[in-house]
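S.K.: The following file, target22.cif, comprises mmCIF, C-alpha atoms:
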```cif
data_protein
loop_
_atom_site.label_atom_id
_atom_site.label_comp_id
_atom_site.auth_asym_id
_atom_site.auth_seq_id
_atom_site.Cartn_x
_atom_site.Cartn_y
_atom_site.Cartn_z
CA MET A 234 9.62 12.39 -59.05
CA ALA A 235 10.96 9.95 -61.50
CA ARG A 236 8.11 10.73 -63.85
CA ARG A 237 8.75 14.45 -63.67
CA LYS A 238 12.32 13.92 -64.75
CA LYS A 239 11.25 11.93 -67.75
CA ASP A 240 8.97 14.75 -68.82
CA ASP A 241 11.76 17.29 -68.65
CA GLU A 242 13.97 15.23 -70.86
CA ALA A 243 11.29 14.92 -73.47
CA HIS A 244 10.94 18.70 -73.85
CA ASP A 245 12.47 20.21 -76.92
CA LEU A 246 14.00 23.62 -77.14
CA GLU A 247 11.46 26.06 -78.54
CA LEU A 248 13.43 27.14 -81.60
CA THR A 249 10.72 28.19 -84.02
CA THR A 250 10.87 31.90 -83.28
CA PHE A 251 14.62 31.96 -83.43
CA LEU A 252 14.56 30.11 -86.73
CA ASN A 253 12.10 32.60 -88.17
CA LEU A 254 14.37 35.38 -87.11
CA LEU A 255 17.38 33.74 -88.73
CA VAL A 256 15.55 33.09 -91.98
CA VAL A 257 14.44 36.69 -92.23
CA LEU A 258 17.93 37.94 -91.37
CA ILE A 259 19.53 35.69 -93.97
CA CYS A 260 17.15 36.84 -96.67
CA PHE A 261 17.82 40.44 -95.80
CA LEU A 262 21.58 40.04 -95.75
CA LEU A 263 21.65 38.03 -98.97
CA VAL A 264 19.67 40.70 -100.77
CA THR A 265 21.77 43.57 -99.53
CA SER A 266 25.18 41.93 -99.66
CA VAL A 267 27.68 42.89 -102.31
CA PHE A 268 29.98 40.13 -103.35
CA SER A 269 32.53 42.10 -105.29
CA ARG A 270 34.38 44.48 -103.10
CA ILE A 271 35.41 47.91 -104.17
CA ALA A 272 38.91 48.94 -103.32
CA ILE A 273 40.70 52.15 -104.08
CA GLN A 274 43.96 53.20 -105.66
CA GLU A 275 45.28 56.14 -103.79
CA LEU A 276 47.01 58.83 -105.73
CA LYS A 277 49.72 60.92 -104.27
CA LEU A 278 49.27 64.31 -105.75
CA PRO A 279 51.49 67.29 -105.24
CA THR A 280 49.35 69.64 -103.21
CA ALA A 281 48.45 72.78 -105.05
CA ALA A 282 48.92 74.87 -101.91
CA GLY A 283 52.21 73.22 -101.02
CA ALA A 284 54.34 75.59 -103.07
CA GLY A 285 54.82 77.99 -100.17
CA GLY A 286 55.84 75.29 -97.73
CA ALA A 287 59.20 73.78 -97.09
CA ILE A 288 60.71 72.41 -100.23
CA ASP A 289 62.45 69.11 -99.85
CA THR A 290 65.77 68.56 -101.48
CA PRO A 291 65.17 67.15 -104.91
CA PRO A 292 65.32 63.37 -104.94
CA PRO A 293 68.45 61.88 -106.47
CA VAL A 294 66.50 59.90 -108.98
CA THR A 295 62.99 60.09 -110.38
CA ILE A 296 61.25 57.14 -111.89
CA GLU A 297 58.68 57.88 -114.53
CA VAL A 298 56.50 55.37 -116.27
CA ILE A 299 55.16 56.74 -119.50
CA LEU A 300 52.02 55.17 -120.83
CA ARG A 301 51.74 55.74 -124.55
CA LYS A 302 49.17 54.63 -127.02
CA ASN A 303 51.25 51.72 -128.26
CA ALA A 304 53.92 51.19 -125.64
CA VAL A 305 54.83 51.66 -122.04
CA GLU A 306 58.20 53.22 -121.25
CA VAL A 307 60.26 53.62 -118.14
CA SER A 308 62.26 56.77 -117.82
CA LEU A 309 64.90 57.40 -115.19
CA SER A 310 65.86 60.96 -114.32
CA LYS A 311 69.15 61.44 -112.58
CA ASP A 312 71.01 64.72 -112.02
CA GLY A 313 68.62 66.60 -114.24
CA LYS A 314 69.07 64.26 -117.15
CA SER A 315 66.37 61.83 -118.06
CA ASN A 316 66.66 58.93 -120.39
CA ILE A 317 64.38 56.13 -121.32
CA VAL A 318 65.74 52.90 -119.93
CA ALA A 319 63.08 50.44 -120.99
CA SER A 320 60.29 50.30 -123.48
CA TYR A 321 57.69 47.60 -123.93
CA PRO A 322 55.49 47.76 -127.00
CA LYS A 323 51.87 46.86 -126.55
CA SER A 324 51.19 43.26 -127.44
CA GLY A 325 47.81 42.99 -129.05
CA ASP A 326 45.32 44.79 -126.89
CA LYS A 327 47.21 44.74 -123.64
CA TYR A 328 50.20 46.42 -122.16
CA GLU A 329 53.07 44.25 -120.99
CA THR A 330 52.43 44.88 -117.32
CA ASP A 331 54.26 41.75 -116.22
CA LYS A 332 57.49 42.72 -117.94
CA LEU A 333 57.11 46.24 -116.61
CA SER A 334 56.74 44.88 -113.08
CA ASP A 335 59.80 42.70 -113.53
CA TYR A 336 61.88 45.63 -114.68
CA LEU A 337 60.62 47.84 -111.85
CA LEU A 338 61.46 45.06 -109.41
CA GLY A 339 65.06 45.35 -110.57
CA LEU A 340 64.92 49.13 -110.14
CA LYS A 341 63.48 48.70 -106.66
CA GLY A 342 66.48 46.54 -105.85
CA GLN A 343 68.79 49.38 -106.89
CA TYR A 344 66.89 52.11 -105.06
CA LYS A 345 65.57 50.43 -101.96
CA ASP A 346 64.38 53.55 -100.19
CA LYS A 347 62.49 54.90 -103.11
CA ASN A 348 58.75 54.67 -102.78
CA ASP A 349 57.41 57.10 -105.30
CA ALA A 350 57.03 57.01 -109.03
CA THR A 351 55.24 59.12 -111.56
CA LEU A 352 52.85 57.76 -114.12
CA LEU A 353 52.60 59.90 -117.21
CA VAL A 354 49.65 59.07 -119.37
CA GLU A 355 48.72 60.11 -122.88
CA PRO A 356 45.30 61.73 -123.21
CA ASP A 357 43.51 58.89 -124.97
CA ILE A 358 44.48 56.02 -122.71
CA SER A 359 41.47 54.42 -121.10
CA TYR A 360 40.99 54.36 -117.37
CA GLU A 361 41.23 50.59 -117.31
CA ASP A 362 44.70 50.51 -118.87
CA MET A 363 45.82 53.24 -116.54
CA ILE A 364 44.71 51.24 -113.50
CA HIS A 365 46.40 48.08 -114.75
CA VAL A 366 49.71 49.84 -115.31
CA MET A 367 49.33 51.57 -111.97
CA ASP A 368 48.92 48.14 -110.41
CA ALA A 369 52.13 47.01 -112.05
CA VAL A 370 53.96 50.06 -110.72
CA LYS A 371 52.61 49.66 -107.20
CA MET A 372 53.35 46.00 -106.75
CA ALA A 373 54.94 43.08 -108.50
CA ARG A 374 53.26 39.75 -108.43
CA VAL A 375 55.77 36.97 -108.38
CA THR A 376 54.97 33.31 -108.67
CA LYS A 377 57.19 31.30 -106.41
CA PRO A 378 58.49 28.10 -107.94
CA GLY A 379 56.54 25.19 -106.55
CA SER A 380 53.55 27.17 -105.39
CA SER A 381 50.56 28.23 -107.39
CA SER A 382 49.74 31.38 -105.47
CA MET A 383 51.31 34.71 -106.25
CA ASP A 384 53.31 36.80 -103.88
CA LYS A 385 52.83 40.51 -103.87
CA ILE A 386 55.99 42.52 -103.58
CA PRO A 387 55.42 46.22 -102.99
CA LEU A 388 57.28 48.43 -105.43
CA PHE A 389 56.62 52.13 -105.68
CA SER A 390 53.48 52.67 -103.69
CA ASP A 391 53.20 56.45 -103.96
CA VAL A 392 52.13 56.97 -107.53
CA SER A 393 51.39 60.38 -108.89
CA VAL A 394 49.81 60.96 -112.24
CA GLY A 395 50.57 63.45 -114.95
CA ASP A 396 50.42 64.20 -118.64
CA ALA A 397 52.79 62.37 -120.94
CA PRO A 398 55.34 64.63 -122.63
CA MET B 289 2.94 -5.80 -81.44
CA LYS B 290 0.55 -3.55 -79.66
CA ARG B 291 3.07 -2.61 -77.07
CA MET B 292 5.61 -1.67 -79.70
CA ARG B 293 3.18 0.73 -81.26
CA ARG B 294 2.44 2.26 -77.92
CA ASN B 295 6.08 2.82 -77.21
CA LYS B 296 6.69 4.60 -80.45
CA PRO B 297 6.66 8.37 -79.94
CA LYS B 298 3.74 10.17 -81.52
CA HIS B 299 5.93 12.45 -83.62
CA ILE B 300 9.57 12.26 -84.36
CA PRO B 301 11.12 15.55 -83.31
CA MET B 302 12.98 17.17 -86.12
CA SER B 303 16.66 17.41 -85.51
CA LEU B 304 17.26 21.06 -86.10
CA THR B 305 20.61 21.46 -84.49
CA SER B 306 22.72 21.12 -87.61
CA LEU B 307 20.38 23.35 -89.59
CA MET B 308 20.66 25.94 -86.87
CA ASP B 309 24.42 25.72 -86.97
CA VAL B 310 24.41 26.29 -90.70
CA PHE B 311 22.07 29.24 -90.37
CA THR B 312 24.05 30.81 -87.61
CA ASN B 313 27.28 30.44 -89.53
CA LEU B 314 25.67 31.91 -92.61
CA VAL B 315 24.40 34.87 -90.64
CA PHE B 316 27.84 35.58 -89.23
CA PHE B 317 29.46 35.20 -92.64
CA LEU B 318 27.01 37.59 -94.25
CA LEU B 319 27.26 40.08 -91.43
CA LEU B 320 31.05 40.11 -91.67
CA SER B 321 31.24 40.14 -95.44
CA GLN B 322 28.83 43.00 -95.59
CA GLY B 323 31.04 45.14 -93.42
CA VAL B 324 30.71 48.86 -93.52
CA VAL B 325 29.95 50.23 -96.94
CA THR B 326 32.36 53.07 -97.46
CA VAL B 327 32.25 53.47 -101.20
CA PRO B 328 28.80 53.13 -102.74
CA GLU B 329 28.21 50.49 -105.36
CA PRO B 330 28.25 52.16 -108.77
CA PRO B 331 25.30 51.83 -111.13
CA LYS B 332 25.30 49.20 -113.85
CA GLU B 333 26.58 51.46 -116.59
CA ILE B 334 29.83 52.01 -114.72
CA LYS B 335 32.16 49.06 -114.94
CA LEU B 336 35.13 49.50 -112.68
CA PRO B 337 38.47 48.05 -113.78
CA ASP B 338 39.96 45.11 -111.91
CA SER B 339 42.92 45.72 -109.74
CA PHE B 340 45.05 43.79 -107.29
CA THR B 341 45.08 46.47 -104.68
CA ASP B 342 43.36 45.75 -101.40
CA THR B 343 43.22 49.20 -99.87
CA PRO B 344 39.72 49.62 -98.53
CA GLY B 345 37.85 52.76 -99.45
CA HIS B 346 37.26 55.64 -97.09
CA PRO B 347 33.96 57.40 -96.80
CA SER B 348 34.37 60.47 -98.92
CA VAL B 349 32.79 62.58 -101.59
CA ASN B 350 32.26 60.37 -104.61
CA ILE B 351 32.30 61.30 -108.25
CA MET B 352 30.82 58.80 -110.65
CA VAL B 353 31.84 59.02 -114.27
CA SER B 354 29.84 56.99 -116.74
CA ASN B 355 30.02 57.32 -120.50
CA GLU B 356 27.16 59.82 -120.40
CA THR B 357 27.21 61.73 -117.15
CA VAL B 358 29.40 62.90 -114.35
CA SER B 359 27.56 62.79 -111.06
CA ILE B 360 28.71 63.92 -107.67
CA GLN B 361 27.16 62.27 -104.61
CA GLY B 362 24.54 60.81 -106.93
CA ASP B 363 23.43 64.04 -108.55
CA PRO B 364 24.31 64.47 -112.23
CA VAL B 365 26.25 67.68 -112.72
CA ALA B 366 27.75 67.47 -116.20
CA ALA B 367 27.71 65.42 -119.37
CA THR B 368 30.85 63.39 -120.02
CA PRO B 369 31.05 64.40 -123.72
CA ASP B 370 31.01 68.04 -122.59
CA VAL B 371 33.86 67.38 -120.19
CA LEU B 372 35.73 65.61 -122.97
CA ALA B 373 35.24 68.55 -125.30
CA ALA B 374 36.02 71.26 -122.78
CA GLN B 375 39.02 73.41 -123.62
CA SER B 376 39.91 74.29 -120.07
CA ASP B 377 41.15 71.87 -117.45
CA LEU B 378 38.60 73.16 -114.96
CA ILE B 379 35.02 72.08 -115.23
CA PRO B 380 32.98 74.91 -113.65
CA ALA B 381 29.88 72.82 -112.90
CA VAL B 382 31.91 70.14 -111.13
CA ARG B 383 33.98 72.69 -109.31
CA ASP B 384 30.97 74.62 -108.05
CA ARG B 385 29.35 71.48 -106.82
CA LEU B 386 32.50 70.33 -105.00
CA ALA B 387 32.94 73.77 -103.47
CA LEU B 388 29.34 73.67 -102.27
CA ILE B 389 29.85 70.29 -100.64
CA LYS B 390 33.05 71.47 -99.03
CA SER B 391 31.44 74.60 -97.65
CA THR B 392 28.48 72.74 -96.19
CA ALA B 393 30.68 70.06 -94.66
CA ILE B 394 33.16 72.44 -93.14
CA GLY B 395 32.49 71.32 -89.59
CA THR B 396 33.30 67.71 -90.26
CA ALA B 397 36.13 68.01 -92.76
CA ASP B 398 39.61 67.44 -91.46
CA ALA B 399 41.34 70.70 -92.12
CA LYS B 400 44.86 69.31 -92.09
CA ASP B 401 44.46 66.58 -94.65
CA GLY B 402 42.17 68.45 -96.93
CA SER B 403 39.13 66.69 -98.20
CA GLU B 404 39.00 63.36 -99.89
CA VAL B 405 37.30 62.45 -103.07
CA THR B 406 36.80 59.06 -104.67
CA ILE B 407 36.38 58.82 -108.42
CA LEU B 408 34.41 55.87 -109.75
CA ALA B 409 34.97 55.85 -113.47
CA ASN B 410 33.92 53.49 -116.20
CA ASN B 411 36.56 51.31 -117.84
CA ALA B 412 36.55 53.18 -121.10
CA ILE B 413 36.85 56.74 -119.81
CA PRO B 414 39.91 58.33 -121.44
CA PHE B 415 42.62 59.89 -119.34
CA LYS B 416 41.76 63.32 -120.72
CA VAL B 417 38.51 63.30 -118.81
CA MET B 418 40.12 61.88 -115.69
CA LYS B 419 42.79 64.54 -115.76
CA LYS B 420 40.31 67.36 -116.07
CA LEU B 421 38.28 65.97 -113.20
CA MET B 422 41.36 65.53 -111.04
CA MET B 423 42.52 69.07 -111.76
CA THR B 424 39.06 70.32 -110.88
CA CYS B 425 39.12 68.36 -107.63
CA THR B 426 42.47 69.73 -106.54
CA SER B 427 41.48 73.27 -107.46
CA ALA B 428 38.32 72.88 -105.37
CA GLY B 429 40.50 71.97 -102.41
CA TYR B 430 40.23 68.21 -102.50
CA ASN B 431 43.82 67.06 -102.15
CA LYS B 432 43.35 63.35 -101.68
CA ILE B 433 42.04 61.66 -104.75
CA SER B 434 41.33 57.95 -104.81
CA LEU B 435 40.39 55.91 -107.83
CA ALA B 436 37.86 53.19 -107.22
CA VAL B 437 38.60 49.75 -108.62
CA ARG B 438 37.08 46.35 -108.28
CA GLU B 439 39.10 44.16 -106.03
CA ASN B 440 40.53 41.08 -107.66
CA SER B 441 41.48 38.13 -105.48
CA GLY B 442 45.00 38.23 -106.83
CA VAL B 443 45.17 34.63 -107.94
CA THR B 444 44.06 35.06 -111.51
CA ALA B 445 45.09 37.65 -114.03
CA PRO B 446 42.49 40.27 -114.93
CA PRO B 447 40.29 38.98 -117.72
CA PRO B 448 41.35 40.23 -121.15
CA LYS B 449 38.87 42.66 -122.54
#
```
Kindly present the structure from the file in structure tokens form.

M.R.:
Amino acid sequence: MARRKKDDEAHDLELTTFLNLLVVLICFLLVTSVFSRIAIQELKLPTAAGAGGAIDTPPPVTIEVILRKNAVEVSLSKDGKSNIVASYPKSGDKYETDKLSDYLLGLKGQYKDKNDATLLVEPDISYEDMIHVMDAVKMARVTKPGSSSMDKIPLFSDVSVGDAP
Amino acid sequence: MKRMRRNKPKHIPMSLTSLMDVFTNLVFFLLLSQGVVTVPEPPKEIKLPDSFTDTPGHPSVNIMVSNETVSIQGDPVAATPDVLAAQSDLIPAVRDRLALIKSTAIGTADAKDGSEVTILANNAIPFKVMKKLMMTCTSAGYNKISLAVRENSGVTAPPPK
């Protein structure tokens, strides 16, 4: 009896098949895995068929971000009048998206319930620049003092796109 | 001396437990990180811009716009230079294709929301082209348009081009 027990202890788990399985699975997953994730920017477009539906009362204020070839401008329309309230010239090759976000953060403080903005783009702006400015309109990234990570503050999440005047 | 040799086990069993742990963890990590692919990976000639958004993609009709071709669901339908040069905002080839997809998928499409389309465009595509494609999408009945971007972790700024 005592001998039997000793034998049982000496037995190993038979892991070879399981290991083979794991190795194959890991190879397969490594080959098929994608390490950069694709996300999406959702656009809020006025529906083409929506003209016959109920028309909301016009919003008290409309925020438009105009993306021009050499600058990005913020235009505020109130009571039918629109005026450009901020303009940031392009510095080098890039738009001043950080300053734009800062300014929009201030606007968000004034109009807390407002969630939509319009991005008006000139015809020759590249898709990349458009996405970067859209990022700046959708959320501000603020670095807290004393921490290295950035906080995301949502700004105007419903962005619609149009032609620049 | 002889007895010591006799007592020594014939083979030293490999200690596989830690290796197994590593493998198992790796398998779980890969399985989770793989997730469900909702937006297909674009081909090499399409370089998506970086963005800080983290909205995951929905499965939808996809339009890929490279510098040469516009393809819908993987099939090339138009040349990008032609779209760029087109006078009208509607691209007939793209529109027909989208209408075809919509008509064949009528049983599965959610009638209330309209259909969704995801545009995967190369970095350098000008807004002109994007606008024409978006107009074409809406006129074909696709009301929800999403732009595909590459997710950035949010810690570093997008690399200057």

S.K.: Give me, as a list in words, the contact residues of chain B against chain A at a cut-off of 7 Å, counting all atoms listed in the file.

M.R.: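 Therefore, the residues near the partner are Phe311, Val315, Leu318, Gln322, Pro337, Ser339, Phe340, Thr341, Asp342, Thr343, Pro344, Gly345, Asn411, Ala412, Ile413, Pro414, Phe415, Lys416, Thr426, Asn431, Ile433, Ser434, Leu435, Ala436, Val437, Arg438, Glu439 and Val443 of chain B.
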
S.K.: Pull out every residue that the PyMOL selection byres ((chain A and resi 339-353) around 10) matches in the shown coordinates and put them as an mmCIF file with C-alpha atoms, in the frame of the given file.

M.R.:
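In the end it all went to selection-v5.cif:
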```
data_model
loop_
_atom_site.group_PDB
_atom_site.id
_atom_site.type_symbol
_atom_site.label_atom_id
_atom_site.label_comp_id
_atom_site.auth_asym_id
_atom_site.auth_seq_id
_atom_site.Cartn_x
_atom_site.Cartn_y
_atom_site.Cartn_z
ATOM 1 C CA LYS A 277 49.720 60.920 -104.270
ATOM 2 C CA LEU A 278 49.270 64.310 -105.750
ATOM 3 C CA PRO A 292 65.320 63.370 -104.940
ATOM 4 C CA PRO A 293 68.450 61.880 -106.470
ATOM 5 C CA VAL A 294 66.500 59.900 -108.980
ATOM 6 C CA THR A 295 62.990 60.090 -110.380
ATOM 7 C CA ILE A 296 61.250 57.140 -111.890
ATOM 8 C CA GLU A 297 58.680 57.880 -114.530
ATOM 9 C CA VAL A 298 56.500 55.370 -116.270
ATOM 10 C CA ILE A 299 55.160 56.740 -119.500
ATOM 11 C CA LEU A 300 52.020 55.170 -120.830
ATOM 12 C CA ARG A 301 51.740 55.740 -124.550
ATOM 13 C CA VAL A 305 54.830 51.660 -122.040
ATOM 14 C CA GLU A 306 58.200 53.220 -121.250
ATOM 15 C CA VAL A 307 60.260 53.620 -118.140
ATOM 16 C CA SER A 308 62.260 56.770 -117.820
ATOM 17 C CA LEU A 309 64.900 57.400 -115.190
ATOM 18 C CA SER A 334 56.740 44.880 -113.080
ATOM 19 C CA ASP A 335 59.800 42.700 -113.530
ATOM 20 C CA TYR A 336 61.880 45.630 -114.680
ATOM 21 C CA LEU A 337 60.620 47.840 -111.850
ATOM 22 C CA LEU A 338 61.460 45.060 -109.410
ATOM 23 C CA VAL A 354 49.650 59.070 -119.370
ATOM 24 C CA GLU A 355 48.720 60.110 -122.880
ATOM 25 C CA PRO A 356 45.300 61.730 -123.210
ATOM 26 C CA MET A 363 45.820 53.240 -116.540
ATOM 27 C CA VAL A 366 49.710 49.840 -115.310
ATOM 28 C CA MET A 367 49.330 51.570 -111.970
ATOM 29 C CA VAL A 370 53.960 50.060 -110.720
ATOM 30 C CA LYS A 371 52.610 49.660 -107.200
ATOM 31 C CA PRO A 387 55.420 46.220 -102.990
ATOM 32 C CA LEU A 388 57.280 48.430 -105.430
ATOM 33 C CA PHE A 389 56.620 52.130 -105.680
ATOM 34 C CA SER A 390 53.480 52.670 -103.690
ATOM 35 C CA ASP A 391 53.200 56.450 -103.960
ATOM 36 C CA VAL A 392 52.130 56.970 -107.530
ATOM 37 C CA SER A 393 51.390 60.380 -108.890
ATOM 38 C CA VAL A 394 49.810 60.960 -112.240
ATOM 39 C CA GLY A 395 50.570 63.450 -114.950
ATOM 40 C CA ASP A 396 50.420 64.200 -118.640
ATOM 41 C CA ALA A 397 52.790 62.370 -120.940
ATOM 42 C CA PRO A 398 55.340 64.630 -122.630
#
```

S.K.: What are the centre and edge lengths in Å, to one decimal, of the axis-aligned box around all listed atoms of range 324-327 of chain A with 5 Å added on each side, as lines of an AutoDock Vina configuration file?

M.R.:
```
center_x = 48.3
center_y = 43.9
center_z = -126.3
size_x = 15.9
size_y = 11.8
size_z = 15.4
```

S.K.: So how many Å separate CA of His299 in chain B and CA of Asn313 in chain B, to one decimal?

M.R.: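 We find that CA of His299 in chain B and CA of Asn313 in chain B lie 28.5 Å from each other.
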
S.K.: Could you tell me which residues the PyMOL selection byres ((chain B and resi 424) around 10) grabs in this file, written as a ChimeraX atom specification?

M.R.: /B:377-384,386,418-423,425-430

S.K.: What does the structure give for the distance between CA of Met352 in chain B and CA of Ala387 in chain B, in Å to one decimal?

M.R.: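 CA of Ala387 in chain B lies at a distance of 16.7 Å from CA of Met352 in chain B.
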
S.K.: Tell me which residues the PyMOL selection byres ((chain B and resi 357) around 12) grabs here, as a CSV table (one decimal) with C-alpha atoms, keeping the file's coordinate frame.

M.R.:
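Below you can see out.csv, which holds the result:
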```csv
chain,number,residue,atom,x,y,z
B,331,PRO,CA,25.3,51.8,-111.1
B,333,GLU,CA,26.6,51.5,-116.6
B,334,ILE,CA,29.8,52.0,-114.7
B,351,ILE,CA,32.3,61.3,-108.2
B,352,MET,CA,30.8,58.8,-110.6
B,353,VAL,CA,31.8,59.0,-114.3
B,354,SER,CA,29.8,57.0,-116.7
B,355,ASN,CA,30.0,57.3,-120.5
B,356,GLU,CA,27.2,59.8,-120.4
B,358,VAL,CA,29.4,62.9,-114.4
B,359,SER,CA,27.6,62.8,-111.1
B,360,ILE,CA,28.7,63.9,-107.7
B,362,GLY,CA,24.5,60.8,-106.9
B,363,ASP,CA,23.4,64.0,-108.6
B,364,PRO,CA,24.3,64.5,-112.2
B,365,VAL,CA,26.2,67.7,-112.7
B,366,ALA,CA,27.8,67.5,-116.2
B,367,ALA,CA,27.7,65.4,-119.4
B,368,THR,CA,30.8,63.4,-120.0
B,369,PRO,CA,31.0,64.4,-123.7
B,370,ASP,CA,31.0,68.0,-122.6
B,371,VAL,CA,33.9,67.4,-120.2
B,372,LEU,CA,35.7,65.6,-123.0
B,382,VAL,CA,31.9,70.1,-111.1
B,408,LEU,CA,34.4,55.9,-109.8
B,409,ALA,CA,35.0,55.8,-113.5
B,410,ASN,CA,33.9,53.5,-116.2
B,413,ILE,CA,36.8,56.7,-119.8
B,417,VAL,CA,38.5,63.3,-118.8
```
